[in-house]
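S.K.: First the structure, which I've put down as C-alpha coordinates, then a few questions once you've had a look.
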Amino acid sequence: MNRYLGNKNTKEFHDLNNETIGCQIAKIKDRVYFSSPQQAKQAGYDPCAHCLSGSKR
(Lines give C-alpha, C1' and ligand atoms only; values in the text may rest on other atoms or scores of the structure.)
Protein backbone atom coordinates (compact mmCIF):
# COMPACT_ATOMS: atom_id res chain seq x y z
CA MET A 1 0.00 0.00 0.00
CA ASN A 2 1.22 3.50 -0.82
CA ARG A 3 1.62 5.78 2.17
CA TYR A 4 0.50 9.06 0.59
CA LEU A 5 -3.05 9.83 -0.50
CA GLY A 6 -3.83 12.64 -2.91
CA ASN A 7 -7.15 14.39 -3.33
CA LYS A 8 -7.62 15.01 -7.06
CA ASN A 9 -10.16 17.78 -6.39
CA THR A 10 -8.02 19.88 -4.06
CA LYS A 11 -4.59 18.77 -5.34
CA GLU A 12 -3.50 18.16 -1.74
CA PHE A 13 -1.80 15.03 -0.43
CA HIS A 14 -1.82 13.40 3.00
CA ASP A 15 0.47 11.08 4.99
CA LEU A 16 -1.68 8.08 5.92
CA ASN A 17 0.75 7.17 8.73
CA ASN A 18 0.28 10.59 10.35
CA GLU A 19 -3.43 11.26 9.72
CA THR A 20 -5.24 13.81 11.92
CA ILE A 21 -8.91 14.71 12.30
CA GLY A 22 -8.26 17.84 10.23
CA CYS A 23 -7.28 15.74 7.22
CA GLN A 24 -10.85 14.44 6.72
CA ILE A 25 -9.54 11.42 4.79
CA ALA A 26 -12.95 9.69 4.81
CA LYS A 27 -14.46 12.54 2.77
CA ILE A 28 -11.97 12.21 -0.09
CA LYS A 29 -13.78 10.60 -3.01
CA ASP A 30 -11.48 11.22 -5.98
CA ARG A 31 -8.23 9.60 -4.77
CA VAL A 32 -4.76 9.00 -6.11
CA TYR A 33 -1.93 7.27 -4.22
CA PHE A 34 1.77 8.12 -4.17
CA SER A 35 4.78 6.24 -2.84
CA SER A 36 6.65 9.38 -1.72
CA PRO A 37 6.11 13.09 -1.05
CA GLN A 38 8.45 13.86 -3.94
CA GLN A 39 6.23 11.88 -6.33
CA ALA A 40 3.15 13.81 -5.14
CA LYS A 41 4.90 17.18 -5.46
CA GLN A 42 6.10 16.32 -8.98
CA ALA A 43 2.48 15.60 -9.88
CA GLY A 44 1.52 19.09 -8.69
CA TYR A 45 0.10 18.25 -5.26
CA ASP A 46 0.65 20.36 -2.12
CA PRO A 47 1.20 18.75 1.31
CA CYS A 48 -1.61 18.82 3.87
CA ALA A 49 -1.11 21.42 6.61
CA HIS A 50 -2.45 18.98 9.23
CA CYS A 51 -0.42 15.80 8.66
CA LEU A 52 2.56 17.19 6.70
CA SER A 53 4.55 20.36 7.03
CA GLY A 54 5.31 22.72 4.20
CA SER A 55 1.81 23.43 2.98
CA LYS A 56 1.50 26.38 0.60
CA ARG A 57 -2.16 26.87 1.57
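Residues in the C-alpha coordinates are named by chain (A, B, ... in the order shown) and by number from 1 within that chain; ligands are numbered from 1 in the order shown.
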With a distance cut-off of 9 Å and only C-alpha atoms, select the neighbouring residues of stretch 38-45 of chain A, excluding the residue or stretch itself and same-chain residues fewer than 4 positions from it, and output the selection as a PyMOL selection string.
M.R.: chain A and resi 4-8+10-13+33-34
S.K.: Give me the residues within 12 Å of A:His50 as a list in words, counting only C-alpha atoms and dropping any in the same chain fewer than 3 places off.
M.R.: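 In the requested form, the answer reads Glu12, Phe13, His14, Asp15, Leu16, Asn18, Glu19, Thr20, Ile21, Gly22, Cys23, Gln24, Ile25, Asp46, Pro47, Ser53, Gly54, Ser55 and Arg57 of chain A.
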